[in-house]
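Data block for start03.cif (mmCIF, C-alpha atoms and all ligand atoms):
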```
data_input
loop_
_atom_site.label_atom_id
_atom_site.label_comp_id
_atom_site.auth_asym_id
_atom_site.auth_seq_id
_atom_site.Cartn_x
_atom_site.Cartn_y
_atom_site.Cartn_z
CA MET P 956 10.71 8.24 -25.65
CA ARG P 957 7.50 7.24 -23.87
CA VAL P 958 4.17 9.09 -24.05
CA HIS P 959 1.58 8.37 -21.40
CA VAL P 960 -1.93 9.82 -21.57
CA ALA P 961 -3.75 9.63 -18.26
CA ASP P 962 -7.02 7.79 -18.50
CA HIS P 963 -8.83 8.40 -15.25
CA PRO P 964 -12.35 9.72 -14.63
CA LEU P 965 -11.21 12.05 -11.85
CA ILE P 966 -8.73 13.71 -14.22
CA THR P 967 -11.39 14.02 -16.94
CA HIS P 968 -13.87 15.48 -14.43
CA LYS P 969 -11.41 18.11 -13.20
CA LEU P 970 -10.34 18.87 -16.77
CA THR P 971 -13.96 19.51 -17.74
CA VAL P 972 -14.31 22.14 -15.00
CA LEU P 973 -10.95 23.62 -16.04
CA ARG P 974 -12.06 23.92 -19.66
CA ASP P 975 -15.31 25.72 -18.75
CA GLU P 976 -14.93 29.43 -19.58
CA ASN P 977 -17.08 30.30 -16.54
CA THR P 978 -14.56 28.80 -14.11
CA PRO P 979 -12.95 31.74 -12.26
CA SER P 980 -9.20 32.15 -11.65
CA PRO P 981 -9.13 30.96 -8.00
CA THR P 982 -10.91 27.71 -8.93
CA PHE P 983 -8.77 27.37 -12.06
CA ARG P 984 -5.56 27.68 -9.99
CA HIS P 985 -6.79 25.14 -7.47
CA LEU P 986 -7.71 22.65 -10.21
CA VAL P 987 -4.36 23.02 -12.00
CA SER P 988 -2.63 22.19 -8.74
CA GLU P 989 -4.87 19.18 -8.09
CA LEU P 990 -4.42 17.89 -11.65
CA MET P 991 -0.67 18.23 -11.27
CA THR P 992 -0.73 16.06 -8.16
CA LEU P 993 -2.76 13.40 -9.98
CA LEU P 994 -0.44 13.48 -13.02
CA ALA P 995 2.61 13.38 -10.74
CA TYR P 996 1.61 9.88 -9.70
CA GLU P 997 2.28 8.69 -13.26
CA GLY P 998 5.09 11.18 -13.90
CA THR P 999 7.17 10.00 -10.95
CA ARG P 1000 6.82 6.30 -11.71
CA GLU P 1001 10.51 6.17 -12.71
CA VAL P 1002 11.79 8.53 -10.02
CA ARG P 1003 15.19 7.34 -8.87
CA VAL P 1004 15.41 5.73 -5.48
CA THR P 1005 18.11 4.07 -3.40
CA PRO P 1006 17.67 1.35 -0.80
CA LYS P 1007 17.28 2.49 2.81
CA GLU P 1008 17.43 0.30 5.87
CA ILE P 1009 15.09 1.16 8.70
CA GLN P 1010 13.91 -0.31 11.96
CA THR P 1011 10.13 -0.64 12.26
CA PRO P 1012 8.63 -1.22 15.74
CA VAL P 1013 8.70 -4.92 14.80
CA THR P 1014 11.87 -5.61 12.77
CA LYS P 1015 14.57 -4.28 10.52
CA THR P 1016 13.55 -3.88 6.87
CA THR P 1017 14.79 -2.28 3.70
CA GLY P 1018 12.74 0.38 1.94
CA VAL P 1019 13.76 3.14 -0.44
CA ARG P 1020 14.39 6.86 -0.40
CA ILE P 1021 14.61 9.39 -3.22
CA ALA P 1022 18.13 9.12 -4.66
CA GLU P 1023 20.80 11.83 -4.66
CA PRO P 1024 21.20 14.13 -6.47
CA THR P 1025 17.60 15.08 -5.79
CA PRO P 1026 15.29 15.61 -8.78
CA LEU P 1027 15.06 19.03 -10.37
CA ILE P 1028 11.60 20.45 -11.02
CA VAL P 1029 11.45 23.00 -13.85
CA PRO P 1030 8.18 24.90 -14.27
CA ILE P 1031 8.02 26.83 -17.54
CA LEU P 1032 6.91 30.37 -16.72
CA ARG P 1033 4.33 31.60 -16.55
CA ALA P 1034 1.72 28.91 -16.76
CA GLY P 1035 3.93 26.09 -15.44
CA LEU P 1036 4.24 27.97 -12.16
CA GLY P 1037 0.63 27.03 -11.45
CA MET P 1038 1.69 23.38 -11.35
CA LEU P 1039 4.67 23.82 -9.02
CA ASP P 1040 3.00 23.44 -5.63
CA GLY P 1041 1.11 20.34 -6.79
CA MET P 1042 4.48 18.77 -7.66
CA THR P 1043 6.49 19.89 -4.62
CA ALA P 1044 3.68 18.53 -2.43
CA LEU P 1045 4.81 15.07 -3.55
CA LEU P 1046 8.54 15.74 -3.99
CA PRO P 1047 9.29 18.17 -1.16
CA THR P 1048 13.06 17.58 -1.25
CA ALA P 1049 13.40 18.34 -4.98
CA GLU P 1050 15.29 21.39 -6.17
CA VAL P 1051 13.40 23.90 -8.33
CA GLY P 1052 14.81 25.72 -11.38
CA PHE P 1053 12.99 28.10 -13.68
CA LEU P 1054 12.69 28.60 -17.42
CA GLY P 1055 10.76 31.61 -18.69
CA MET P 1056 9.47 30.96 -22.20
CA ALA P 1057 6.73 32.51 -24.29
CA ARG P 1058 5.47 32.13 -27.83
CA ASN P 1059 5.66 34.91 -30.34
CA GLU P 1060 1.95 35.32 -31.03
CA GLU P 1061 2.48 35.79 -34.78
CA THR P 1062 5.07 33.13 -35.59
CA LEU P 1063 4.25 30.79 -32.64
CA GLU P 1064 8.03 30.37 -32.21
CA PRO P 1065 9.10 30.16 -28.56
CA TYR P 1066 11.70 32.47 -27.05
CA THR P 1067 13.43 32.23 -23.69
CA TYR P 1068 13.31 35.36 -21.54
CA ALA P 1069 14.50 33.96 -18.20
CA GLU P 1070 16.59 31.05 -17.01
CA ARG P 1071 17.55 30.09 -13.50
CA LEU P 1072 18.86 26.55 -13.50
CA PRO P 1073 21.87 24.86 -11.92
CA ASP P 1074 24.85 25.14 -14.36
CA ASP P 1075 25.56 21.46 -14.30
CA LEU P 1076 22.71 19.02 -14.71
CA HIS P 1077 24.87 15.93 -15.11
CA ASP P 1078 23.18 12.97 -13.49
CA ARG P 1079 20.04 14.99 -12.70
CA GLN P 1080 16.55 13.71 -13.24
CA CYS P 1081 14.39 16.63 -14.38
CA PHE P 1082 10.63 17.17 -14.32
CA VAL P 1083 9.39 19.87 -16.70
CA LEU P 1084 5.97 21.34 -15.94
CA ASP P 1085 3.81 23.20 -18.45
CA PRO P 1086 0.02 22.92 -18.65
CA MET P 1087 -0.09 23.25 -22.45
CA LEU P 1088 1.64 21.32 -25.23
CA ALA P 1089 0.35 23.13 -28.33
CA THR P 1090 2.75 23.22 -31.32
CA GLY P 1091 5.38 21.64 -29.08
CA GLY P 1092 7.93 24.37 -29.79
CA SER P 1093 8.24 25.53 -26.18
CA LEU P 1094 8.49 22.06 -24.68
CA SER P 1095 10.96 20.92 -27.33
CA ALA P 1096 13.21 23.91 -26.58
CA ALA P 1097 12.96 23.28 -22.82
CA ILE P 1098 13.81 19.57 -23.16
CA LYS P 1099 16.76 20.37 -25.44
CA TYR P 1100 18.01 22.92 -22.92
CA LEU P 1101 18.04 20.33 -20.13
CA PHE P 1102 19.65 17.52 -22.17
CA ASP P 1103 22.30 19.97 -23.47
CA ARG P 1104 23.18 20.80 -19.86
CA GLY P 1105 23.67 17.12 -19.06
CA ALA P 1106 20.32 16.03 -17.66
CA VAL P 1107 20.22 12.26 -17.65
CA ASP P 1108 16.49 11.81 -17.66
CA VAL P 1109 13.60 14.21 -18.43
CA THR P 1110 9.90 13.80 -17.70
CA ALA P 1111 7.56 16.46 -19.08
CA ILE P 1112 4.15 16.76 -17.46
CA CYS P 1113 1.43 18.67 -19.34
CA ILE P 1114 -2.26 18.92 -18.56
CA LEU P 1115 -3.34 19.19 -22.21
CA GLY P 1116 -1.61 18.25 -25.44
CA THR P 1117 -2.33 18.03 -29.16
CA PRO P 1118 -1.45 15.40 -31.76
CA GLU P 1119 0.74 18.09 -33.43
CA GLY P 1120 2.61 18.76 -30.18
CA VAL P 1121 3.20 15.08 -29.48
CA ALA P 1122 4.39 14.58 -33.09
CA ARG P 1123 6.83 17.48 -32.71
CA ILE P 1124 8.37 16.00 -29.55
CA GLU P 1125 8.52 12.58 -31.22
CA LYS P 1126 10.24 14.11 -34.26
CA ASP P 1127 12.81 15.92 -32.10
CA PHE P 1128 13.45 13.26 -29.43
CA GLY P 1129 11.76 10.07 -30.64
CA ASP P 1130 14.88 7.95 -30.24
CA HIS P 1131 15.70 9.35 -26.80
CA GLU P 1132 15.30 6.57 -24.28
CA ASN P 1133 15.26 8.78 -21.21
CA LEU P 1134 12.35 11.04 -22.09
CA THR P 1135 8.79 10.60 -20.86
CA VAL P 1136 5.82 12.85 -21.66
CA VAL P 1137 2.79 12.57 -19.40
CA LEU P 1138 -0.44 14.23 -20.53
CA GLY P 1139 -3.82 14.65 -18.87
CA ALA P 1140 -5.53 14.50 -22.29
CA VAL P 1141 -4.78 14.86 -25.99
CA ASP P 1142 -7.22 17.26 -27.67
CA ASP P 1143 -8.32 17.47 -31.31
CA GLY P 1144 -5.68 19.91 -32.53
CA LEU P 1145 -4.80 23.57 -33.02
CA ASP P 1146 -6.84 26.43 -34.46
CA GLU P 1147 -5.41 29.05 -36.84
CA ASN P 1148 -4.13 31.09 -33.87
CA GLY P 1149 -2.27 28.16 -32.36
CA PHE P 1150 -4.82 27.59 -29.58
CA ILE P 1151 -5.62 24.04 -28.50
CA VAL P 1152 -9.14 22.92 -29.59
CA PRO P 1153 -11.33 22.38 -27.59
CA GLY P 1154 -8.64 23.32 -25.05
CA LEU P 1155 -9.12 25.68 -22.15
CA GLY P 1156 -7.98 29.03 -23.56
CA ASP P 1157 -4.74 30.67 -22.44
CA ALA P 1158 -3.69 28.88 -19.25
CA GLY P 1159 -1.36 31.71 -18.14
CA ASP P 1160 -4.09 34.33 -18.51
CA ARG P 1161 -6.67 32.19 -16.72
CA LEU P 1162 -4.28 31.33 -13.88
CA TYR P 1163 -3.25 34.89 -13.25
CA GLY P 1164 -6.50 36.70 -14.04
CA THR P 1165 -5.17 38.58 -17.07
CA ALA P 1166 -7.74 37.18 -19.52
C1 LIG J 1201 1.88 28.69 -23.46
C2 LIG J 1201 2.05 27.39 -22.69
C3 LIG J 1201 3.31 26.81 -23.26
C4 LIG J 1201 3.24 27.27 -24.70
C5 LIG J 1201 2.74 26.11 -25.51
O1 LIG J 1201 2.69 29.67 -22.93
O2 LIG J 1201 2.10 27.58 -21.30
O3 LIG J 1201 4.49 27.29 -22.64
O4 LIG J 1201 2.30 28.35 -24.77
O5 LIG J 1201 2.77 26.44 -26.87
P1 LIG J 1201 3.68 25.67 -27.92
O6 LIG J 1201 3.55 24.22 -27.61
O7 LIG J 1201 3.05 26.06 -29.24
O8 LIG J 1201 5.08 26.18 -27.80
P2 LIG J 1201 2.57 31.20 -23.39
O9 LIG J 1201 3.44 31.51 -24.54
O10 LIG J 1201 1.10 31.54 -23.57
O11 LIG J 1201 3.18 31.96 -22.14
P3 LIG J 1201 2.59 32.12 -20.64
O12 LIG J 1201 2.75 30.80 -19.97
O13 LIG J 1201 3.48 33.18 -20.06
O14 LIG J 1201 1.15 32.54 -20.73
#
```
When written as structure tokens, how does the structure in this file appear?
Ligand code: PRP
Amino acid sequence: MRVHVADHPLITHKLTVLRDENTPSPTFRHLVSELMTLLAYEGTREVRVTPKEIQTPVTKTTGVRIAEPTPLIVPILRAGLGMLDGMTALLPTAEVGFLGMARNEETLEPYTYAERLPDDLHDRQCFVLDPMLATGGSLSAAIKYLFDRGAVDVTAICILGTPEGVARIEKDFGDHENLTVVLGAVDDGLDENGFIVPGLGDAGDRLYGTA
């Protein structure tokens, strides 16, 4: 497993605006989408490609195209939905599947309330999108789901993570060669309610105006 934390001033700048409690929902949504596109640059570094011959106006040459089967993008509802358009902007031919997961607010254990994925994920490269990696329970369950269905390679892209969340994914999948976690930043940790500190609050509520 590989963990990559983005280290780029543009990402830190946008994250700072995202964290600000005075940032309204429309701006928050726009920033989540922009951050996704910036993180996708790192997250798609290992996207599978096949050679493609083309004719330029000058000569024949060989480039690449995204390999078949096309990648599967899996936003984790709700908050991951805010990252979807930023990802499909870069991978327009990808298929999209959905996992609806939420945390029990008392136990912090995740539960799955919706699932719309292809039955067979053999040979599929999957990109899981969720802005928040807090305890890591939700992301761990989502990754397990995809590997159990036959996914060959999983990249999880999160805007914010915690040391606890990263440790949980390492504990569950540390020896898995085909797993990459890309994070915009790793924060200090979790408070007693399971919120990321300093964090940005509840991403789902802030995206959809339910705060
Ligand atoms: C948030 C977030 C992750 C999860 C992270 O979702 O979007 O899915 O919590 O927490 P964990 O790492 O401790 O599992 P939430 O349960 O708030 O649902 P929502 O996206 O519908 O708001």
Considering only C-alpha atoms, tabulate each residue of stretch 1012-1078 of chain P that lies at most 7 Å from stretch 1100-1105 of chain P along with its nearest interatomic pair and the corresponding distance in Å to one decimal; arrange the rows by chain and ascending residue number and present them as a Markdown table.
```
| residue | atom | partner | partner_atom | distance |
| --- | --- | --- | --- | --- |
| P:Asp1075 | CA | P:Arg1104 | CA | 6.1 |
| P:Leu1076 | CA | P:Gly1105 | CA | 4.8 |
| P:His1077 | CA | P:Gly1105 | CA | 4.3 |
| P:Asp1078 | CA | P:Gly1105 | CA | 7.0 |
```
List as a Markdown table every residue of chain P that is in contact with ligand LIG 1201 (chain J), defined as an atom at most 10 Å from one of its atoms (using all atoms listed in the file), together with the nearest atom pair and the distance in Å rounded to one decimal, sorted by chain and then rising number.
```
| residue | atom | partner | partner_atom | distance |
| --- | --- | --- | --- | --- |
| P:Pro1030 | CA | J:LIG1201 | O3 | 9.5 |
| P:Ile1031 | CA | J:LIG1201 | O3 | 6.2 |
| P:Leu1032 | CA | J:LIG1201 | O12 | 5.3 |
| P:Arg1033 | CA | J:LIG1201 | O12 | 3.9 |
| P:Ala1034 | CA | J:LIG1201 | O12 | 3.9 |
| P:Gly1035 | CA | J:LIG1201 | O2 | 6.3 |
| P:Leu1036 | CA | J:LIG1201 | O12 | 8.4 |
| P:Gly1037 | CA | J:LIG1201 | O12 | 9.6 |
| P:Leu1054 | CA | J:LIG1201 | O3 | 9.8 |
| P:Gly1055 | CA | J:LIG1201 | O13 | 7.6 |
| P:Met1056 | CA | J:LIG1201 | O3 | 6.2 |
| P:Ala1057 | CA | J:LIG1201 | O9 | 3.4 |
| P:Arg1058 | CA | J:LIG1201 | O9 | 3.9 |
| P:Asn1059 | CA | J:LIG1201 | O9 | 7.1 |
| P:Glu1060 | CA | J:LIG1201 | O9 | 7.7 |
| P:Thr1062 | CA | J:LIG1201 | O7 | 9.7 |
| P:Leu1063 | CA | J:LIG1201 | O7 | 5.9 |
| P:Glu1064 | CA | J:LIG1201 | O8 | 6.8 |
| P:Pro1065 | CA | J:LIG1201 | O8 | 5.7 |
| P:Tyr1066 | CA | J:LIG1201 | O9 | 8.7 |
| P:Leu1084 | CA | J:LIG1201 | O3 | 9.1 |
| P:Asp1085 | CA | J:LIG1201 | O2 | 5.5 |
| P:Pro1086 | CA | J:LIG1201 | O2 | 5.8 |
| P:Met1087 | CA | J:LIG1201 | C2 | 4.7 |
| P:Leu1088 | CA | J:LIG1201 | O6 | 4.2 |
| P:Ala1089 | CA | J:LIG1201 | O6 | 3.5 |
| P:Thr1090 | CA | J:LIG1201 | O7 | 3.5 |
| P:Gly1091 | CA | J:LIG1201 | O6 | 3.5 |
| P:Gly1092 | CA | J:LIG1201 | O8 | 3.9 |
| P:Ser1093 | CA | J:LIG1201 | O8 | 3.6 |
| P:Leu1094 | CA | J:LIG1201 | O6 | 6.1 |
| P:Ser1095 | CA | J:LIG1201 | O8 | 7.9 |
| P:Ala1096 | CA | J:LIG1201 | O8 | 8.5 |
| P:Ala1097 | CA | J:LIG1201 | O3 | 9.4 |
| P:Cys1113 | CA | J:LIG1201 | O2 | 9.1 |
| P:Leu1115 | CA | J:LIG1201 | C5 | 9.8 |
| P:Gly1116 | CA | J:LIG1201 | O6 | 8.2 |
| P:Thr1117 | CA | J:LIG1201 | O6 | 8.7 |
| P:Glu1119 | CA | J:LIG1201 | O6 | 8.9 |
| P:Gly1120 | CA | J:LIG1201 | O6 | 6.1 |
| P:Val1121 | CA | J:LIG1201 | O6 | 9.3 |
| P:Arg1123 | CA | J:LIG1201 | O6 | 9.1 |
| P:Ile1124 | CA | J:LIG1201 | O6 | 9.7 |
| P:Leu1145 | CA | J:LIG1201 | O7 | 9.1 |
| P:Asn1148 | CA | J:LIG1201 | O7 | 9.9 |
| P:Gly1149 | CA | J:LIG1201 | O7 | 6.5 |
| P:Phe1150 | CA | J:LIG1201 | O7 | 8.0 |
| P:Ile1151 | CA | J:LIG1201 | O5 | 8.9 |
| P:Gly1156 | CA | J:LIG1201 | O10 | 9.4 |
| P:Asp1157 | CA | J:LIG1201 | O10 | 6.0 |
| P:Ala1158 | CA | J:LIG1201 | O14 | 6.2 |
| P:Gly1159 | CA | J:LIG1201 | O14 | 3.7 |
| P:Asp1160 | CA | J:LIG1201 | O14 | 6.0 |
| P:Arg1161 | CA | J:LIG1201 | O14 | 8.8 |
| P:Leu1162 | CA | J:LIG1201 | O14 | 8.8 |
| P:Tyr1163 | CA | J:LIG1201 | O14 | 9.0 |
| P:Thr1165 | CA | J:LIG1201 | O14 | 9.5 |
```
Please enclose the listed atoms of stretch 1104-1121 of chain P in an axis-aligned box, pad each side by 6 Å, and write out the centre and the three edge lengths in Å, rounded to one decimal, as AutoDock Vina command-line options.
```
--center_x 10.2 --center_y 16.3 --center_z -25.4 --size_x 39.0 --size_y 21.0 --size_z 28.0
```
Closest contacts (stretch 1106-1127 of chain P/stretch 984-1007 of chain P, max 8 Å, only C-alpha atoms) as JSON lines:
```
{"residue": "P:Thr1110", "atom": "CA", "partner": "P:Gly998", "partner_atom": "CA", "distance": 6.7}
{"residue": "P:Ala1111", "atom": "CA", "partner": "P:Gly998", "partner_atom": "CA", "distance": 7.8}
{"residue": "P:Ile1112", "atom": "CA", "partner": "P:Gly998", "partner_atom": "CA", "distance": 6.7}
{"residue": "P:Ile1114", "atom": "CA", "partner": "P:Leu990", "partner_atom": "CA", "distance": 7.3}
```
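Computed from the coordinates, the atom CA of P:Gly1154 to atom CA of P:Thr971 distance equals 9.8 Å.
Of note, atom CA of P:Gly1144 and atom CA of P:Phe1053 are spaced 27.8 Å apart.
We find atom CA of P:Ile1028 and atom CA of P:Pro964 to be spaced 26.5 Å apart.
With only C-alpha atoms as the atoms that count, the residue of P:Leu1046, P:Ala961, P:Ile1098, P:Val1029 with the shortest distance to P:Leu1134 is P:Ile1098.
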Fill in: Minimum-distance residue to P:Gln1080, chosen among P:Thr1067, P:Thr1016, P:Thr1043, P:Asn1133 (using only C-alpha atoms)
P:Asn1133
Item to complete: Take the point (16.8, 25.9, -8.3) as written in the file and pick out every residue within 9 Å of it, counting all atoms listed in the file; give the list as a PyMOL selection string.
Response: chain P and resi 1027-1029+1049-1053+1071-1073
Slice of the block: stretch 1040-1055 of chain P, N, CA and C atoms, as a PDB file, in the first residue's frame:
```
ATOM      1  N   ASP P1040     -17.712  15.327  -9.986  1.00  0.00           N
ATOM      2  CA  ASP P1040     -17.524  16.055 -11.254  1.00  0.00           C
ATOM      3  C   ASP P1040     -16.064  16.474 -11.444  1.00  0.00           C
ATOM      4  N   GLY P1041     -15.353  16.714 -10.338  1.00  0.00           N
ATOM      5  CA  GLY P1041     -13.929  17.056 -10.452  1.00  0.00           C
ATOM      6  C   GLY P1041     -13.125  15.884 -11.004  1.00  0.00           C
ATOM      7  N   MET P1042     -13.594  14.668 -10.743  1.00  0.00           N
ATOM      8  CA  MET P1042     -12.896  13.464 -11.222  1.00  0.00           C
ATOM      9  C   MET P1042     -13.306  13.127 -12.659  1.00  0.00           C
ATOM     10  N   THR P1043     -14.601  13.192 -12.940  1.00  0.00           N
ATOM     11  CA  THR P1043     -15.045  12.842 -14.301  1.00  0.00           C
ATOM     12  C   THR P1043     -14.571  13.894 -15.311  1.00  0.00           C
ATOM     13  N   ALA P1044     -14.255  15.103 -14.829  1.00  0.00           N
ATOM     14  CA  ALA P1044     -13.697  16.108 -15.740  1.00  0.00           C
ATOM     15  C   ALA P1044     -12.402  15.591 -16.360  1.00  0.00           C
ATOM     16  N   LEU P1045     -11.639  14.810 -15.577  1.00  0.00           N
ATOM     17  CA  LEU P1045     -10.360  14.291 -16.070  1.00  0.00           C
ATOM     18  C   LEU P1045     -10.470  12.897 -16.657  1.00  0.00           C
ATOM     19  N   LEU P1046     -11.457  12.130 -16.225  1.00  0.00           N
ATOM     20  CA  LEU P1046     -11.630  10.754 -16.715  1.00  0.00           C
ATOM     21  C   LEU P1046     -13.050  10.606 -17.267  1.00  0.00           C
ATOM     22  N   PRO P1047     -13.346  11.307 -18.363  1.00  0.00           N
ATOM     23  CA  PRO P1047     -14.736  11.349 -18.829  1.00  0.00           C
ATOM     24  C   PRO P1047     -15.270  10.004 -19.293  1.00  0.00           C
ATOM     25  N   THR P1048     -14.392   9.052 -19.654  1.00  0.00           N
ATOM     26  CA  THR P1048     -14.894   7.772 -20.148  1.00  0.00           C
ATOM     27  C   THR P1048     -15.067   6.749 -19.025  1.00  0.00           C
ATOM     28  N   ALA P1049     -14.732   7.123 -17.791  1.00  0.00           N
ATOM     29  CA  ALA P1049     -14.843   6.164 -16.683  1.00  0.00           C
ATOM     30  C   ALA P1049     -16.307   5.849 -16.397  1.00  0.00           C
ATOM     31  N   GLU P1050     -16.521   4.664 -15.843  1.00  0.00           N
ATOM     32  CA  GLU P1050     -17.857   4.293 -15.370  1.00  0.00           C
ATOM     33  C   GLU P1050     -17.978   4.790 -13.925  1.00  0.00           C
ATOM     34  N   VAL P1051     -19.202   5.024 -13.475  1.00  0.00           N
ATOM     35  CA  VAL P1051     -19.393   5.500 -12.096  1.00  0.00           C
ATOM     36  C   VAL P1051     -20.307   4.532 -11.354  1.00  0.00           C
ATOM     37  N   GLY P1052     -19.877   4.080 -10.176  1.00  0.00           N
ATOM     38  CA  GLY P1052     -20.716   3.261  -9.301  1.00  0.00           C
ATOM     39  C   GLY P1052     -20.872   4.001  -7.979  1.00  0.00           C
ATOM     40  N   PHE P1053     -21.835   3.584  -7.183  1.00  0.00           N
ATOM     41  CA  PHE P1053     -22.106   4.343  -5.960  1.00  0.00           C
ATOM     42  C   PHE P1053     -22.127   3.436  -4.740  1.00  0.00           C
ATOM     43  N   LEU P1054     -21.559   3.954  -3.648  1.00  0.00           N
ATOM     44  CA  LEU P1054     -21.677   3.289  -2.346  1.00  0.00           C
ATOM     45  C   LEU P1054     -22.230   4.326  -1.371  1.00  0.00           C
ATOM     46  N   GLY P1055     -23.335   4.015  -0.737  1.00  0.00           N
ATOM     47  CA  GLY P1055     -23.884   4.915   0.279  1.00  0.00           C
ATOM     48  C   GLY P1055     -23.484   4.406   1.645  1.00  0.00           C
TER      49      GLY P1055
END
```
